[in-house]
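File shown: data.csv. Contents: CSV, C-alpha atoms.
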```csv
chain,number,residue,atom,x,y,z
A,25,MET,CA,135.4,111.7,27.6
A,26,SER,CA,138.1,114.2,28.6
A,27,THR,CA,141.2,113.1,30.4
A,28,ARG,CA,140.3,115.3,33.4
A,29,ALA,CA,136.8,113.6,33.9
A,30,ALA,CA,138.1,110.1,33.9
A,31,PRO,CA,139.9,110.3,37.3
A,32,LEU,CA,136.9,111.9,38.8
A,33,LEU,CA,134.6,109.1,37.6
A,34,GLU,CA,137.0,106.4,38.9
A,35,ALA,CA,137.2,108.2,42.3
A,36,SER,CA,133.4,108.4,42.4
A,37,ASP,CA,133.0,104.8,41.5
A,38,SER,CA,135.5,103.7,44.1
A,39,SER,CA,133.8,105.8,46.8
A,40,TYR,CA,130.4,104.3,45.8
A,41,LYS,CA,131.8,100.8,46.1
A,42,LEU,CA,133.3,101.6,49.5
A,43,ARG,CA,130.0,103.0,50.8
A,44,LYS,CA,128.2,99.9,49.6
A,45,ALA,CA,130.7,97.6,51.3
A,46,LYS,CA,130.4,99.6,54.6
A,47,ASP,CA,126.6,99.4,54.3
A,48,ARG,CA,126.7,95.6,53.8
A,49,LEU,CA,129.1,95.2,56.7
A,50,ILE,CA,126.9,97.3,59.1
A,51,ARG,CA,123.7,95.5,58.0
A,52,GLY,CA,125.4,92.1,58.4
A,53,LEU,CA,126.6,93.1,61.9
A,54,CYS,CA,123.1,94.3,62.9
A,55,VAL,CA,121.6,91.0,61.7
A,56,ALA,CA,124.3,89.0,63.5
A,57,PHE,CA,123.9,90.8,66.8
A,58,THR,CA,120.1,90.6,66.6
A,59,LEU,CA,120.3,86.9,66.2
A,60,LEU,CA,122.8,86.7,69.0
A,61,ALA,CA,120.4,88.6,71.3
A,62,LEU,CA,117.6,86.3,70.4
A,63,VAL,CA,119.6,83.1,71.2
A,64,PRO,CA,119.2,83.5,75.0
A,65,LEU,CA,115.6,84.4,74.7
A,66,PHE,CA,114.6,81.4,72.6
A,67,SER,CA,116.9,79.1,74.7
A,68,VAL,CA,115.0,80.1,77.8
A,69,LEU,CA,111.6,79.7,76.1
A,70,TYR,CA,112.6,76.3,74.7
A,71,TYR,CA,114.0,75.0,78.0
A,72,LEU,CA,111.0,76.3,79.9
A,73,THR,CA,108.6,74.7,77.5
A,74,ALA,CA,110.4,71.4,77.5
A,75,ARG,CA,110.5,71.2,81.3
A,76,GLY,CA,107.1,72.7,82.1
A,77,ILE,CA,104.6,71.7,79.5
A,78,GLY,CA,104.6,68.1,80.7
A,79,GLY,CA,103.1,69.2,84.1
A,80,VAL,CA,100.3,71.2,82.5
A,81,ASN,CA,97.0,69.4,82.8
A,82,LEU,CA,93.4,70.0,83.8
A,83,ALA,CA,94.1,69.4,87.5
A,84,PHE,CA,96.8,72.1,87.4
A,85,PHE,CA,94.2,74.7,86.5
A,86,THR,CA,91.3,73.4,88.7
A,87,GLU,CA,92.7,71.9,91.9
A,88,LEU,CA,94.3,73.3,95.0
A,89,PRO,CA,97.8,72.3,96.1
A,90,ARG,CA,98.0,69.0,97.9
A,91,PRO,CA,99.5,68.7,101.4
A,92,VAL,CA,103.2,67.8,101.8
A,93,GLY,CA,103.8,64.2,100.8
A,94,GLU,CA,100.9,63.8,98.5
A,95,THR,CA,101.4,63.9,94.7
A,96,GLY,CA,99.2,65.7,92.3
A,97,GLY,CA,97.1,68.7,92.9
A,98,GLY,CA,97.3,72.0,91.1
A,99,MET,CA,97.7,75.8,91.4
A,100,ALA,CA,94.2,77.1,90.7
A,101,ASN,CA,94.3,79.4,93.7
A,102,SER,CA,97.7,80.8,92.6
A,103,ILE,CA,96.5,81.5,89.0
A,104,VAL,CA,93.4,83.3,90.2
A,105,GLY,CA,95.5,85.1,92.9
A,106,SER,CA,98.0,86.3,90.4
A,107,ALA,CA,95.3,87.6,88.1
A,108,GLN,CA,93.7,89.5,91.0
A,109,LEU,CA,97.0,91.0,92.2
A,110,VAL,CA,98.0,92.2,88.7
A,111,GLY,CA,94.5,93.5,88.0
A,112,LEU,CA,94.4,95.4,91.3
A,113,ALA,CA,97.9,96.7,90.7
A,114,CYS,CA,96.9,98.0,87.3
A,115,LEU,CA,94.0,99.8,88.8
A,116,PHE,CA,96.3,101.4,91.4
A,117,GLY,CA,99.3,102.0,89.2
A,118,ILE,CA,98.3,102.8,85.6
A,119,PRO,CA,96.0,105.9,86.1
A,120,PRO,CA,98.6,107.8,88.3
A,121,GLY,CA,101.4,106.9,85.8
A,122,LEU,CA,99.4,108.0,82.8
A,123,LEU,CA,98.3,111.3,84.4
A,124,ALA,CA,101.9,112.0,85.6
A,125,GLY,CA,103.3,111.3,82.1
A,126,ILE,CA,100.7,113.5,80.4
A,127,TYR,CA,101.5,116.3,82.8
A,128,LEU,CA,105.2,116.0,82.2
A,129,ALA,CA,104.8,115.9,78.4
A,130,GLU,CA,102.3,118.7,78.0
A,131,SER,CA,103.0,121.1,81.0
A,132,GLY,CA,106.0,119.9,82.9
A,133,LYS,CA,108.6,122.6,82.6
A,134,GLY,CA,108.9,123.9,86.2
A,135,GLY,CA,110.5,122.7,89.4
A,136,LEU,CA,107.6,120.2,90.1
A,137,ALA,CA,108.2,118.5,86.8
A,138,LYS,CA,111.9,118.1,87.6
A,139,VAL,CA,111.0,116.5,91.0
A,140,ILE,CA,108.6,114.1,89.3
A,141,ARG,CA,111.1,113.0,86.7
A,142,PHE,CA,113.8,112.6,89.2
A,143,THR,CA,111.5,110.6,91.5
A,144,ALA,CA,110.4,108.4,88.7
A,145,ASP,CA,113.9,107.7,87.5
A,146,VAL,CA,115.1,106.9,91.1
A,147,LEU,CA,112.0,104.7,91.8
A,148,ALA,CA,112.6,102.8,88.6
A,149,GLY,CA,116.0,101.7,89.8
A,150,VAL,CA,114.9,100.8,93.4
A,151,PRO,CA,115.1,97.0,94.0
A,152,SER,CA,111.7,95.4,94.2
A,153,ILE,CA,112.5,93.8,97.6
A,154,THR,CA,113.0,97.4,99.0
A,155,VAL,CA,109.5,98.3,97.7
A,156,GLY,CA,108.2,95.2,99.4
A,157,VAL,CA,109.8,96.2,102.7
A,158,PHE,CA,108.4,99.7,102.4
A,159,VAL,CA,104.8,98.5,101.8
A,160,TYR,CA,105.3,95.9,104.6
A,161,SER,CA,106.0,98.8,107.0
A,162,LEU,CA,103.3,100.9,105.6
A,163,LEU,CA,100.4,98.5,105.3
A,164,VAL,CA,101.2,95.0,106.7
A,165,LEU,CA,102.2,96.3,110.1
A,166,THR,CA,99.4,98.8,110.1
A,167,LEU,CA,96.7,96.2,109.2
A,168,GLY,CA,98.3,93.5,111.3
A,169,ARG,CA,98.3,91.0,108.5
A,170,PHE,CA,99.5,90.1,105.0
A,171,SER,CA,96.9,90.9,102.4
A,172,MET,CA,96.1,91.2,98.7
A,173,LEU,CA,95.8,94.9,99.1
A,174,ALA,CA,99.4,95.2,100.3
A,175,GLY,CA,100.7,93.1,97.5
A,176,ALA,CA,98.8,95.1,94.9
A,177,VAL,CA,100.1,98.4,96.2
A,178,ALA,CA,103.7,97.0,96.1
A,179,LEU,CA,103.2,96.0,92.5
A,180,ALA,CA,101.6,99.3,91.6
A,181,VAL,CA,104.5,101.2,93.0
A,182,LEU,CA,106.8,99.3,90.7
A,183,MET,CA,104.5,100.0,87.7
A,184,VAL,CA,104.2,103.8,88.2
A,185,PRO,CA,107.7,105.0,87.1
A,186,THR,CA,107.7,102.8,83.9
A,187,VAL,CA,104.2,104.0,82.9
A,188,THR,CA,105.1,107.6,83.7
A,189,ARG,CA,108.3,107.8,81.7
A,190,THR,CA,106.9,105.8,78.8
A,191,THR,CA,103.8,108.0,78.5
A,192,GLU,CA,106.0,111.2,78.6
A,193,GLU,CA,108.5,110.0,76.0
A,194,LEU,CA,105.8,108.7,73.6
A,195,MET,CA,103.7,111.9,73.8
A,196,ARG,CA,106.8,114.0,73.2
A,197,LEU,CA,107.3,112.1,70.0
A,198,VAL,CA,104.0,113.3,68.6
A,199,PRO,CA,104.7,116.1,66.1
A,200,GLU,CA,104.0,119.6,67.4
A,201,GLN,CA,102.1,120.3,64.1
A,202,LEU,CA,99.2,118.1,65.3
A,203,ARG,CA,98.8,120.0,68.5
A,204,GLU,CA,98.9,123.3,66.6
A,205,ALA,CA,96.3,122.0,64.1
A,206,GLY,CA,93.9,121.1,66.9
A,207,LEU,CA,94.4,124.5,68.6
A,208,GLY,CA,94.0,126.2,65.3
A,209,LEU,CA,90.6,124.6,64.9
A,210,GLY,CA,89.5,126.1,68.2
A,211,LEU,CA,89.8,123.0,70.4
A,212,PRO,CA,90.7,123.6,74.1
A,213,ARG,CA,94.1,122.5,75.2
A,214,TRP,CA,92.8,119.6,77.3
A,215,ARG,CA,90.8,118.2,74.4
A,216,VAL,CA,93.8,118.4,72.0
A,217,THR,CA,95.8,116.5,74.6
A,218,LEU,CA,93.3,113.7,75.1
A,219,LYS,CA,91.8,113.4,71.6
A,220,ILE,CA,94.9,114.0,69.4
A,221,THR,CA,98.2,113.7,71.3
A,222,LEU,CA,97.2,110.9,73.6
A,223,ARG,CA,95.4,108.9,70.9
A,224,THR,CA,98.4,109.3,68.5
A,225,ALA,CA,100.8,108.0,71.1
A,226,LEU,CA,98.5,105.2,72.4
A,227,PRO,CA,100.1,102.2,70.7
A,228,GLY,CA,103.5,103.0,72.1
A,229,ILE,CA,102.0,103.8,75.6
A,230,ALA,CA,100.1,100.5,75.5
A,231,THR,CA,103.4,98.7,74.8
A,232,GLY,CA,105.0,100.5,77.8
A,233,ILE,CA,102.1,99.5,80.0
A,234,MET,CA,102.4,95.9,78.9
A,235,LEU,CA,106.1,95.9,79.8
A,236,ALA,CA,105.2,97.2,83.2
A,237,VAL,CA,102.6,94.6,83.7
A,238,ALA,CA,105.0,91.9,82.5
A,239,ARG,CA,107.5,93.0,85.0
A,240,VAL,CA,105.2,93.0,88.0
A,241,ALA,CA,103.5,89.7,87.0
A,242,GLY,CA,106.8,87.9,87.6
A,243,GLU,CA,107.8,89.7,90.8
A,244,THR,CA,108.4,87.5,93.9
A,245,ALA,CA,110.3,89.4,96.5
A,246,PRO,CA,107.7,92.2,97.2
A,247,LEU,CA,104.9,89.6,97.5
A,248,LEU,CA,106.8,87.7,100.1
A,249,PHE,CA,106.6,90.7,102.3
A,250,THR,CA,103.1,91.8,101.5
A,251,ALA,CA,100.6,89.2,100.0
A,252,PHE,CA,102.7,86.3,101.4
A,253,SER,CA,100.8,83.1,100.3
A,254,ASN,CA,97.7,81.0,100.9
A,255,ARG,CA,97.2,77.3,100.1
A,256,PHE,CA,93.5,77.9,99.8
A,257,TRP,CA,91.2,80.3,97.9
A,258,ASN,CA,91.4,83.9,98.8
A,259,ASP,CA,88.8,85.1,101.3
A,260,GLY,CA,89.1,88.9,100.7
A,261,ILE,CA,91.2,91.8,99.7
A,262,ASP,CA,92.5,92.1,103.3
A,263,GLN,CA,93.6,88.5,103.5
A,264,PRO,CA,96.8,86.7,102.3
A,265,VAL,CA,96.6,85.5,98.7
A,266,SER,CA,98.6,82.9,96.7
A,267,SER,CA,100.4,83.9,93.5
A,268,LEU,CA,102.3,82.1,90.9
A,269,PRO,CA,105.7,83.7,91.5
A,270,VAL,CA,105.6,82.9,95.2
A,271,GLN,CA,104.3,79.4,94.6
A,272,ILE,CA,107.1,78.8,92.1
A,273,TYR,CA,109.7,79.9,94.6
A,274,THR,CA,108.1,77.7,97.3
A,275,TYR,CA,108.0,74.6,95.2
A,276,ALA,CA,111.4,75.2,93.6
A,277,VAL,CA,113.3,75.2,96.9
A,278,SER,CA,111.4,72.2,98.2
A,279,PRO,CA,113.0,68.7,98.2
A,280,PHE,CA,110.0,67.0,96.4
A,281,GLU,CA,110.3,66.2,92.8
A,282,ASP,CA,106.6,66.5,92.2
A,283,TRP,CA,106.7,70.0,93.4
A,284,HIS,CA,109.6,70.8,91.2
A,285,GLN,CA,107.6,69.6,88.2
A,286,GLN,CA,104.7,71.8,89.2
A,287,ALA,CA,107.1,74.7,89.6
A,288,TRP,CA,108.3,74.3,86.0
A,289,ALA,CA,104.7,74.0,84.8
A,290,ALA,CA,103.7,77.2,86.7
A,291,ALA,CA,106.7,79.1,85.2
A,292,PHE,CA,105.6,78.0,81.7
A,293,VAL,CA,102.0,79.1,82.4
A,294,LEU,CA,103.2,82.5,83.7
A,295,VAL,CA,105.2,83.1,80.6
A,296,VAL,CA,102.4,82.1,78.4
A,297,PHE,CA,100.0,84.4,80.3
A,298,ILE,CA,102.3,87.4,79.9
A,299,LEU,CA,102.7,86.5,76.2
A,300,ILE,CA,99.0,86.3,75.6
A,301,LEU,CA,98.5,89.6,77.5
A,302,ASN,CA,101.0,91.4,75.3
A,303,ILE,CA,99.6,90.0,72.0
A,304,THR,CA,96.0,90.8,73.0
A,305,ALA,CA,96.9,94.4,73.9
A,306,ARG,CA,98.8,95.0,70.7
A,307,LEU,CA,95.9,93.6,68.6
A,308,LEU,CA,93.4,95.7,70.4
A,309,VAL,CA,95.4,98.9,70.1
A,310,ARG,CA,96.1,98.1,66.4
A,311,HIS,CA,92.4,97.5,65.7
A,312,ARG,CA,91.5,100.8,67.4
A,313,VAL,CA,94.1,102.8,65.5
A,314,LYS,CA,93.0,101.3,62.2
A,315,GLY,CA,89.3,102.0,63.0
A,316,ARG,CA,89.9,105.7,63.6
```

As a first step, turn the structure in this file into structure tokens.
Amino acid sequence: MSTRAAPLLEASDSSYKLRKAKDRLIRGLCVAFTLLALVPLFSVLYYLTARGIGGVNLAFFTELPRPVGETGGGMANSIVGSAQLVGLACLFGIPPGLLAGIYLAESGKGGLAKVIRFTADVLAGVPSITVGVFVYSLLVLTLGRFSMLAGAVALAVLMVPTVTRTTEELMRLVPEQLREAGLGLGLPRWRVTLKITLRTALPGIATGIMLAVARVAGETAPLLFTAFSNRFWNDGIDQPVSSLPVQIYTYAVSPFEDWHQQAWAAAFVLVVFILILNITARLLVRHRVKGR
């Protein structure tokens, strides 16, 4: 080995060791901060499970709330009411959000697209209680009563911007070569969008939709102004309806220990419901993608 090559090899070896050390440092920091971010999440889940699982029993899922002063009872009407509200909100909010996101990703380059993006971004940052007041003025005062319809519309308004922006961003991540391949085979533009672009981005879009559903499933403020509450079974879409978030709030601020326990149990059930919903959606989307 020449005397000139030795310093170069030593410098190269020193540079390699330095890069390896930096890599280990950054990886270690990433792992440490990931674990740090998971600590509050698992702490909340553990505390919620410890406090709430003791109040979960058959009566909780099958019985109506008892009058003030009586112990026992359940939240069957609230569980059904929450499912109805979220289902109706998905019916109202997901299709417009998907269509708007598809338009922005595939054709949105003009002034209308800028207005839609700006509106979605602003709406995503609007407090949920403001949306509740808006729907209260729009529907509750018009109909003369609180109703499931008003509550579902309020939740749908909260869902639309999240679904819209998620759909747009995920469809933009689809490689342009896939679109060009479809067009090169003679497929019309709309079919390329639906059969290739949208299906490729579907897993990510489904995750975004589940995030939107998870957000509205736990909203309380807009429902206080729209759906309000009901201690009995719901009589129709134009009548007040009970929901788990509102019932949790009502029981949590009460002075009765039995109601406090039921509030913890309802919070636990709500989190489990959202978790099951997310896992089911991911499994269904993964199965569909693998089956293509």

### Query
Do you know which residues are at most 8 Å from stretch 285-301 of chain A counting only C-alpha atoms, after dropping those on the same chain fewer than 3 positions away, and could you put them as a list in words?
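Counting only C-alpha atoms, the residues come to Leu72, Thr73, Arg75, Gly76, Ile77, Gly78, Gly79, Val80, Gly98, Met99, Met234, Ala238, Ala241, Gly242, Leu268, Pro269, Gln271, Ile272, Tyr273, Tyr275, Ala276, Glu281, Asp282, Thr304 and Ala305 of chain A.
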
### Message
Would you compute the distance between atom CA of A:Leu194 and atom CA of A:Gly228? Give it in Å to one decimal.
### Response
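That distance, rounded to one decimal, is 6.3 Å.
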
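Among the candidates A:Thr186, A:Leu179, A:Gly208, A:Cys54, the one nearest to A:Gln108 when counting only C-alpha atoms is A:Leu179.
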
### Message
Applying 10 Å and all atoms listed in the file, which residues near A:Ser253 remain after dropping the ones on its own chain fewer than 3 positions away? List them as a PyMOL selection string.
### Response
chain A and resi 101-102+105+170-172+247-250+256+258+263-268+270-271+274

### Query
atom CA of A:Pro279 and atom CA of A:Gly97, how far apart in Å?
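Answer for the atom CA of A:Gly97 to atom CA of A:Pro279 separation: 16.8 Å.
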
Can you tell me, as a short mmCIF file (atom, residue, chain, number, x, y, z; two decimals) with C-alpha atoms, in the coordinates of the input, what residues are no more than 8 Å from A:Cys114 when counting all atoms listed in the file, ignoring any on the same chain fewer than 6 positions away?
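What landed in selection00.cif:
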```cif
data_model
loop_
_atom_site.label_atom_id
_atom_site.label_comp_id
_atom_site.auth_asym_id
_atom_site.auth_seq_id
_atom_site.Cartn_x
_atom_site.Cartn_y
_atom_site.Cartn_z
CA ALA A 180 101.60 99.30 91.60
CA MET A 183 104.50 100.00 87.70
CA VAL A 237 102.60 94.60 83.70
#
```

### Message
Taking 2 positions as the minimum chain separation for residues in the same chain, which residues sit within 8 Å of A:Ala83 when counting all atoms listed in the file? Answer as a ChimeraX atom specification.
### Response
/A:81,85-87,96-98

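Nearest-residue note for A:Leu82: choosing from A:Val55, A:Ile118, A:Ala100, A:Leu69, the minimum distance belongs to A:Ala100, counting all atoms listed in the file.
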
### Task
Would you mind reading off the distance between atom CA of A:Leu60 and atom CA of A:Pro151, one decimal, in Å?
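Between atom CA of A:Leu60 and atom CA of A:Pro151 the gap is 28.1 Å.
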
### Task
Using only C-alpha atoms, determine which residues lie at most 6 Å from stretch 212-227 of chain A, disregarding the query and same-chain residues fewer than 2 positions distant; provide the list as a PyMOL selection string.
chain A and resi 194-195+206+229-230+309

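Counting all atoms listed in the file, the residue from A:Val198, A:Ile153, A:Leu163, A:Leu211 that sits nearest to A:Leu182 is A:Ile153.
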
### Task
For each of A:Ala129, A:Ile303, A:Ser161, A:Ile50, take the minimum atom-to-atom distance to A:Arg196, counting only C-alpha atoms, then give the residue where this is smallest.
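Among the listed residues, A:Ala129 lies closest to A:Arg196.
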
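Nearest to A:Asp262 of all the residues A:Arg90, A:Arg169, A:Lys133, A:Arg141 is A:Arg169, counting all atoms listed in the file.
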
N, CA and C atoms restored at stretch 253-285 of chain A, emitted as an mmCIF file, keeping the file's coordinate frame:
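Once everything was written out, this is result25.cif:
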```cif
data_model
loop_
_atom_site.group_PDB
_atom_site.id
_atom_site.type_symbol
_atom_site.label_atom_id
_atom_site.label_comp_id
_atom_site.auth_asym_id
_atom_site.auth_seq_id
_atom_site.Cartn_x
_atom_site.Cartn_y
_atom_site.Cartn_z
ATOM 1 N N SER A 253 101.335 84.263 101.076
ATOM 2 C CA SER A 253 100.800 83.100 100.300
ATOM 3 C C SER A 253 99.613 82.541 101.016
ATOM 4 N N ASN A 254 98.942 81.644 100.328
ATOM 5 C CA ASN A 254 97.700 81.000 100.900
ATOM 6 C C ASN A 254 97.506 79.728 100.104
ATOM 7 N N ARG A 255 97.396 78.615 100.796
ATOM 8 C CA ARG A 255 97.200 77.300 100.100
ATOM 9 C C ARG A 255 95.764 77.085 99.738
ATOM 10 N N PHE A 256 94.886 78.041 100.064
ATOM 11 C CA PHE A 256 93.500 77.900 99.800
ATOM 12 C C PHE A 256 92.998 79.080 98.938
ATOM 13 N N TRP A 257 91.718 79.151 98.668
ATOM 14 C CA TRP A 257 91.200 80.300 97.900
ATOM 15 C C TRP A 257 91.232 81.549 98.766
ATOM 16 N N ASN A 258 91.364 82.668 98.105
ATOM 17 C CA ASN A 258 91.400 83.900 98.800
ATOM 18 C C ASN A 258 90.068 84.308 99.395
ATOM 19 N N ASP A 259 90.078 84.812 100.639
ATOM 20 C CA ASP A 259 88.800 85.100 101.300
ATOM 21 C C ASP A 259 88.471 86.622 101.241
ATOM 22 N N GLY A 260 89.371 87.464 100.728
ATOM 23 C CA GLY A 260 89.100 88.900 100.700
ATOM 24 C C GLY A 260 90.302 89.711 100.365
ATOM 25 N N ILE A 261 90.083 90.967 100.091
ATOM 26 C CA ILE A 261 91.200 91.800 99.700
ATOM 27 C C ILE A 261 92.122 92.098 100.906
ATOM 28 N N ASP A 262 91.638 91.883 102.125
ATOM 29 C CA ASP A 262 92.500 92.100 103.300
ATOM 30 C C ASP A 262 93.050 90.826 103.872
ATOM 31 N N GLN A 263 93.095 89.769 103.050
ATOM 32 C CA GLN A 263 93.600 88.500 103.500
ATOM 33 C C GLN A 263 94.810 88.078 102.594
ATOM 34 N N PRO A 264 95.700 87.222 103.119
ATOM 35 C CA PRO A 264 96.800 86.700 102.300
ATOM 36 C C PRO A 264 96.289 86.025 101.038
ATOM 37 N N VAL A 265 97.053 86.099 99.971
ATOM 38 C CA VAL A 265 96.600 85.500 98.700
ATOM 39 C C VAL A 265 97.817 84.798 98.065
ATOM 40 N N SER A 266 97.546 83.688 97.436
ATOM 41 C CA SER A 266 98.600 82.900 96.700
ATOM 42 C C SER A 266 98.836 83.571 95.359
ATOM 43 N N SER A 267 100.046 83.407 94.856
ATOM 44 C CA SER A 267 100.400 83.900 93.500
ATOM 45 C C SER A 267 101.379 82.959 92.875
ATOM 46 N N LEU A 268 101.409 82.970 91.572
ATOM 47 C CA LEU A 268 102.300 82.100 90.900
ATOM 48 C C LEU A 268 103.767 82.258 91.160
ATOM 49 N N PRO A 269 104.292 83.495 91.167
ATOM 50 C CA PRO A 269 105.700 83.700 91.500
ATOM 51 C C PRO A 269 106.125 83.107 92.832
ATOM 52 N N VAL A 270 105.315 83.403 93.867
ATOM 53 C CA VAL A 270 105.600 82.900 95.200
ATOM 54 C C VAL A 270 105.509 81.392 95.269
ATOM 55 N N GLN A 271 104.492 80.850 94.602
ATOM 56 C CA GLN A 271 104.300 79.400 94.600
ATOM 57 C C GLN A 271 105.449 78.714 93.854
ATOM 58 N N ILE A 272 105.913 79.322 92.785
ATOM 59 C CA ILE A 272 107.100 78.800 92.100
ATOM 60 C C ILE A 272 108.282 78.740 92.961
ATOM 61 N N TYR A 273 108.512 79.834 93.668
ATOM 62 C CA TYR A 273 109.700 79.900 94.600
ATOM 63 C C TYR A 273 109.541 78.837 95.682
ATOM 64 N N THR A 274 108.357 78.710 96.259
ATOM 65 C CA THR A 274 108.100 77.700 97.300
ATOM 66 C C THR A 274 108.386 76.316 96.873
ATOM 67 N N TYR A 275 107.860 76.000 95.702
ATOM 68 C CA TYR A 275 108.000 74.600 95.200
ATOM 69 C C TYR A 275 109.444 74.376 94.695
ATOM 70 N N ALA A 276 110.087 75.407 94.155
ATOM 71 C CA ALA A 276 111.400 75.200 93.600
ATOM 72 C C ALA A 276 112.460 74.908 94.678
ATOM 73 N N VAL A 277 112.303 75.467 95.869
ATOM 74 C CA VAL A 277 113.300 75.200 96.900
ATOM 75 C C VAL A 277 112.924 74.026 97.795
ATOM 76 N N SER A 278 111.837 73.352 97.458
ATOM 77 C CA SER A 278 111.400 72.200 98.200
ATOM 78 C C SER A 278 112.234 70.947 97.779
ATOM 79 N N PRO A 279 112.261 69.885 98.584
ATOM 80 C CA PRO A 279 113.000 68.700 98.200
ATOM 81 C C PRO A 279 112.168 67.651 97.436
ATOM 82 N N PHE A 280 110.929 68.012 97.054
ATOM 83 C CA PHE A 280 110.000 67.000 96.400
ATOM 84 C C PHE A 280 110.039 67.213 94.903
ATOM 85 N N GLU A 281 110.260 66.111 94.210
ATOM 86 C CA GLU A 281 110.300 66.200 92.800
ATOM 87 C C GLU A 281 109.016 66.543 92.119
ATOM 88 N N ASP A 282 107.898 66.101 92.709
ATOM 89 C CA ASP A 282 106.600 66.500 92.200
ATOM 90 C C ASP A 282 106.357 67.956 92.237
ATOM 91 N N TRP A 283 106.801 68.584 93.306
ATOM 92 C CA TRP A 283 106.700 70.000 93.400
ATOM 93 C C TRP A 283 107.588 70.748 92.425
ATOM 94 N N HIS A 284 108.752 70.171 92.175
ATOM 95 C CA HIS A 284 109.600 70.800 91.200
ATOM 96 C C HIS A 284 108.969 70.771 89.794
ATOM 97 N N GLN A 285 108.305 69.675 89.448
ATOM 98 C CA GLN A 285 107.600 69.600 88.200
ATOM 99 C C GLN A 285 106.498 70.633 88.089
#
```
